Every structure is written in C-alpha cells, then in structure tokens.
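Heads up, the thing below is written out as structure tokens.
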Amino acid sequence: MNDFMQGESSSPLGWVDMQSNKVKSTLLERHERFLLLAKARWFFLGLVAIYGAGAAAGYLLSDYGWFLTTSQLVGLLVGLFVILTYNAIYYFNHKRLAQQAWGSHLQVMLDYLCVTLLIHLSGGAASWFWPVYILVTFEAAILIENRSQVYLLGMFAGSCYGFVLVGEYLNILPNIAMPFIDQGLHSHGFFLVLMWFWVSLLNTISAVVSNYLMTVLRRGHAQVQATEARLKEFLEGANDLIFSVKPDGQFLYANRAWERVLGYDRNELSGLSLLDVIDADMRVKCMAEIEKATKGEKIDPLEGRLMTRSGDAIDVEGTITCSFQNDEAGAVWVICRDISTRKKAQEQLYFMAHHDQLTSLPNRLFFADRLRQAQALAKREKHKCGILYLDLDRFKIINDTLGHAVGDILLQEVGKRLRSCVREVDTVARIGGDEFSIVLVNLDHIVDAEQVAGKILKALAKPVQADENELYITTSIGISIYPMHDDDPDSLLKKADAAMYQAKAQGRNNYQLYDASMDLDAERRMTLESGMRRAIEREEFHLLYQPKINSESNKITALEALIRWEHPELGTLPPSEFIALAEETGLILPIGEWVMRRACMDNRQWQDQGLSKVRVAVNLSGFQLQSKNFVATVKDILEETGLSGEYLEFEIAETVIMQNPEFAVSVLTQLRDLGIHISIDDFGTGYSSLAHLKRFSVNTLKIDRTFVRDIELNPTDAAITSAIISMGNSLNLKVIAEGVETEGQFEMLKEKHCDEMQGYLFSRPVPVSAVEGLLRDGLAKRAGEKDEDKES
C-alpha cells in the first residue's frame, strides 16, 4: 500500500529527481492510483469471469440447467461492456483523467452503478453481489482524500441499493429469478428494509474504516515525504560532496555540491563511473576501500583526489559507508569535502616554516635536514659533501643607507644567482640576514667545492640593478667538507663559518677552505670583540704615519694615518687583525671617528709648530662613507680641530665606492666641496670603469700593492700598472703606487710617470714623535733594504 501511495522511487537517484512542486506531486499520486485501480478491475473482472464460467458449467450439469433469460443475458452483457469500456478508458488515459477534478468521483459512481445493475440482474434483495459495494467504497477512500465526499458516495451506494429494492418491491423493476432463492422475498417489505439497513450499515462501516486506514496511510506517507524532503534538502544544501554508487562504481546519485565542484551535469550520472572522476594514481586504493565497505569492514577517513570535468584535480577528504539489504551490499555512500584550499594552506604553512619568505630559499631548519640527508647519501655512496657558508660583504651599508626595500631586492637577486651556480640536487639556503649556506652533494674531490665557490664569486661580480641604484656586491665564502672536517652537521656549519671569517680577514671577496688553525682564530676573534668595546675608553688605540713622496722631488706630499691597537693580552695589533671585526660589530663608526679626529688634531699641531703643511690621509670604511651623518661629522671635526679641508685626505677602497656608485657620487661631491682630497684606494681590484671615474669627485688613484709587488717579474702586473697610470693621466688624476719596496720598482714606476709612491723603500710607519723629523727635512730618503714587518 505504501508503494502506490508514494508514487516515487525509493532509490537514492529518485530522491534527487523529486523536483516537482506539491500540486504536481499530488497529480502524480492520482494517476498512479487510477492506473492501479484499473489494473485491479481487470483482475477482479478476470476472477468474476472465471467464477461465472465455473458456475455456468455447474448449473448446466445440475438439475437447474440454463436458467438465464434473454433480458438477463442482454443486461449482463451491457453491464460488462460498460465496465470494460470505461475501465479501458481509465487504463489508457489515467494521466489525463487524473488531471480532472471529477475523474475520481466519476469512476466510483460508475462502479457503484455497475454493481447495482449486477445486483439487480443476480437476484435483487437475494443477490450475493452486494458486498462489492464495500470494495467500491474502499476504492473511493483510496481515490478521494476528502472523507465527507467518501461518506456521501457511500450514501449514494446505499441509495442505489435502496432504489433496486423499492423498484422490485413495487414491481417497477422486474424480479429476476435465480436458483436457490425464494422469489417471495421480494414481496416481504420488512425483509427488504432489513437488507437495506444491513448493506448500508456495512457500507458505512467500510467507509469509516477505509477513511481511517487511508488517513493513517496518507499521514504516514506525508511523514515519509517530509523526511525525504528534509533529507533531500540536507543533501542538496550540504557543502560537502555527497554521492552514491553501486558496488561496481556505477553512479546512483550525486548532490548539487558534487555537480558544482566537479562541473558535471547530473543528467550524465547514468553514463558515469566512479573511476571516471578519480585521479588515476588513486583508483586502485579507492576501489579497494569500496570493496572493504561492501564487506562490512570499518573504513577510516581517507584522503583522495577527484578530477573535474575540465581535468583539474580536487583534493578531498571523506568517509565511505555501505547500506545493506538482507545481508546484501546495496548502495555505497561517499561523503567528502573539498580540502584543496586547506591542502594549499598546509603546503603554504609548511613552505613558510621551511623557507625564507623573502628569497623563497630553504631556511636554517630545512637546511639542517638537507645537510643530514646529504651526509647520509655521501656515507652510503662513499662520496663527500661540501658546505659553503657565505656572508655578503658590507651588505649592512646598503641596507642602512638605501633602505630595506633595496636591500631586499639585492638579497633576492643574490638568491637567484646562487641557485644558478649549483645543481638541482644541491641546496641553497638563507640562514639569516645576509648569510647563505649551500650543501653540495656527492662530491668526488675537494676541488669540486672550490670550483663552485669560484663560480659564485664570478656570478656575484656583475652589478645588480635595484630600483634606480646600480649596486655591486661581493661575498666571503667558507668551505667545510664531510667527512674530512667533521661528522656532526652543526660542527660542519660552524667550521664553514670559521673559514668564512678567515676569508673576511683575507680581504673579502674570496673563499677559504677550513683549517684546524681557524678554530683558534675564532677564539681570538671573541677576545678581540669583547676588548674592542672598551679600547677607545682605555686609550688603547694609537696612530702611526707613513709618508707619501713625489716621484720626481722625493718631497713628502702627505702622511697616511695607520691605526694600531695595543691590546693588553695580545700585544700590538695591525688593522688587518680587527678592522673587519669592527665593521661586522658596528664599532667601526666610533673607531673611524676617533682616527679622523686624532689625525686632524696631529696635523693641526704640526702646522702650529711651523712644520711643512702636508695632507693627512685617513682610510674610510664603507660603513663610515654611507652613514647618514658622515659629512656633518667631518665638518664638525674640521671645525673642532681648526684644520682646513685641503689638508685632509680620505682613502676609500674602490670596492666600497662601487658598491653603491650613485650614493658615492653624492657624498664625494660634498667632501670635495669642503676642499678634502679624495683617493681611490686599492685601485684595479674593483669594478669601476672610465665612465664611473669621470663622475666621481676624486683626485688620486692608488695602485694596489698586489700589482706593484711583482711588477719587475710579471708582465701582466706591469701592463695593468701602466694602464692605470695612463688612465689617471688622461683624466688629470694623480696616481700613487703603494707597497714600493725596491729600487727596481721605484725606477720602473718613475719611468711610467707614476706621480707619487709610498712604501718601505722610503719609510716605515712611524709614531707621532718621529713625524716632526720627517716634516722638518721635507724629504724622504730611500732605504736600501726591506723591512720584514709588512704593513697590511
């Protein structure tokens, strides 16, 4: 009964196909019921026909024989024709008739009339056919939801039965003789009244009972429909992807979220299989889980990947369940949610936790893991792995003067260039600030790591365009090798760091391979750093001066101020021992300011004593040159000491100037305006070009001692020296050579028209007390021998 009341499929797919409104749903129920009752009439008529044929045969074989009159036979045939006709109409046109409001009432009334006719033709008050009224009343309760109308139709049936009884009693209708029936019953009014009341009573009871039963059934059906509607609303409104498949993977149902996310039309479900929407790499695993579900095994939540109609992959997480009917696996239900965003967020969080946000390079944590993996691989393959520790030279200057935005651009470009210098299997990491580390895997020889380091130095030598600034950057590289130097990852990194500091001490822009002696240097560096912070207060610094002489006249033109540190434990220390450390710690600014003030005070005192007026040359660090208040500090010191700017000279390394040429031009111009003499120190070791030199407000080019040292023996050094001197002359710049120690060097440089010279050949650095003698003579005598204690 509930099946024909539902009028819908109970399959998962049927729940989704329920798209019609309430009226349409009601009409759907009516035409289904019309069809069902038409089939029931066919069945009932078939049973009556079989019964009638059997009864007729029995009568013929009995003593009664054939008893039907012609009028009875004609009436029965007419009644049968009417029933067959309208039932065929209802059977073949049930949908159209169901749309008519009178469709239900008409067929009930026709059934009542046909039953009444058959009662009359089968004996009237004595007929056994009257119980069919009860069946028709039950039919009315099925077709008509209004209980009052069912009662009225039941009363119509009683009226029809009463009409037959009264008609036969009054002889309006002929009395039909039937076997086994006393014809005298038709004339007994009291009997007829009792029969009418009896049939009406039973028909009324039938109407009440059938109305009650149908009300209960309809209420239950409404509840089922409401439950299914709520379930449908839940399934369709859910954000999760919910779908159902057969155990073989054939789709039965999918909700709106599934359709929206995957891009399929649910009308295509019948031609789709679960395998069509699962990523190829996960099909075997997914179907195995479905098979476990169909066996009743518990399935833990799992992750998978579905493919959209357009071919995009969607990461999902969900559960699989299976419904069972009579211990047989039915529909497999899958509830999952799109976790693509979450997966991307997780991947992003993982990336952020293991990578530097600025350069996208691995960070210290990720680097440590890659280093352990490289060690394990090297151990297994019996190879080596190299660790390179890099620190950008003077990066802090750029960051402080041009801002962090420019510094960030520079770091990003350095990261790109480092990656371009290594293989895919190697790891480049940013450890922090301007420090980078590299793991080189599967090395056969130590020289392989050194070759990579050299490649990096060349890659970083090219200028970097950051906004409107052309920047030059160099790096110092330390190298340690596994397993030669250590087995512990942290120790290997520390030793590469120690080698990097050694590269800094060697003048930067080079690489150094770790050596055990560097551990002592690290301890020494800690001692120096702690003592340096108090050295100025304790007056542990002092200056020495080395003269610069005119090549033609041997007259002293300037005195270079050279700092020394009288360390209470380590003794006298040259600048090469602590200046690089001072730059790293930021102490170079107060130390540099002390040197400048002290040199200006000494020069002013010599002038006050009536000695020859010469320049005093002070070496400038890049940190000083690019500090914000540098020019103001210089003005204050000149004013404080009373020294004219023309007697102050700044020696600035070529690499420092070229690190940020635009900024250098601005500062050097301001210094020239104060009358200060500008020299480019260590010329030939940087990247300056003729175009740059024209823009710089410089007076002198100072040839680096590395070219002068072998000028007599090395044609290349001689050619470079000649080129620098020629360039200076063409730009009207003075050229001075430092590190001149032999007569041969002197003669060769003089022959090439080098303007000035400086070195042990003329004088070693002397204390303040010895300068007075040099200035009184005004001439520097050339020594015949070299001093073993070299100025660095």
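Lettering and numbering for the structure tokens are positional, with chains as A, B, ... in the shown order, residues counted from 1 in each chain, and ligands counted from 1 in the shown order.
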*Would you please extract all alpha helix (DSSP H) residues from region 536-649 of chain A, as assigned by DSSP on the backbone, and give them as number ranges by chain?*
A: 579-585, 588-608, 622-625, 630-641
*asked:* Using only C-alpha atoms, which protein or nucleic acid residues come within 6 Å of Arg564 (chain A)? Drop anything in the same chain fewer than 5 positions from it, and give the result as a PyMOL selection string.
replied: chain A and resi 541-542+573-574
Generate a file of the selected residues that holds N, CA and C atoms, formatted as a tab-separated table (two decimals), in the first residue's frame.
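Heads up, here's the output in part.tsv:
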```
chain	number	residue	atom	x	y	z
A	541	PHE	N	94.12	52.55	21.47
A	541	PHE	CA	94.44	52.80	20.06
A	541	PHE	C	95.46	53.93	19.96
A	542	HIS	N	96.35	53.86	18.95
A	542	HIS	CA	97.23	54.97	18.63
A	542	HIS	C	97.50	54.94	17.12
A	573	LEU	N	98.48	45.18	17.66
A	573	LEU	CA	97.72	44.54	16.58
A	573	LEU	C	97.56	45.50	15.41
A	574	PRO	N	97.88	45.06	14.17
A	574	PRO	CA	97.67	45.89	12.98
A	574	PRO	C	96.18	45.92	12.64
```
*Excluding Glu291 (chain A) and residues on its chain fewer than 6 positions from it, collect all residues at most 9 Å away from it, counting only C-alpha atoms, and give them as an NGL selection string.*
:A and (247-248 or 297)
*Distance of CA of Gln373 (chain A) from CA of Val452 (chain A), expressed in Å to one decimal place*: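 Computed distance, CA of Val452 (chain A) to CA of Gln373 (chain A), equals 20.1 Å.
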_Residues near Thr474 (chain A), anyone? I mean within 6 Å using only C-alpha atoms, not counting same-chain ones fewer than 5 positions away, as a list in words._
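The contact residues come out as Leu392, Asp393 and Asn509 of chain A.
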*Mind listing the strand (DSSP E) residues of region 503-547 of chain A, per DSSP on the backbone, as a count of residues only?*
10
*Please identify all polymer residues within 12 Å of Gln670 (chain A), counting only C-alpha atoms, omitting same-chain residues fewer than 2 positions from it, and present them as a count of residues only.*
23
*With only C-alpha atoms as the atoms that count, which of A:Leu562, A:Leu492, A:Leu371, A:Leu749 lies nearest to Arg764 (chain A)?*
A:Leu562
_Ala293 (chain A) surroundings by only C-alpha atoms, 10 Å radius, close-in-sequence under 4 positions cut, as number ranges by chain_ = A: 247, 287-289, 297-299, 320-323, 329, 332-333
May I have the residues within 9 Å of Thr721 (chain A) as a PDB file with C-alpha atoms, in the first residue's frame, using only C-alpha atoms and disregarding those fewer than 6 positions away in the same chain?
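Okay, out29.pdb is ready:
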```pdb
ATOM      1  CA  GLY A 684      92.355  47.862 -10.012  1.00  0.00           C
ATOM      2  CA  ILE A 703      97.554  51.358  -7.322  1.00  0.00           C
ATOM      3  CA  PHE A 707     100.243  44.826  -8.757  1.00  0.00           C
ATOM      4  CA  VAL A 708     103.360  46.631  -7.546  1.00  0.00           C
ATOM      5  CA  ILE A 711     105.891  44.471 -11.380  1.00  0.00           C
ATOM      6  CA  ALA A 737     101.676  53.390  -6.036  1.00  0.00           C
ATOM      7  CA  LEU A 749     107.171  53.288 -11.792  1.00  0.00           C
ATOM      8  CA  LYS A 752     105.965  55.069 -16.354  1.00  0.00           C
TER       9      LYS A 752
END
```
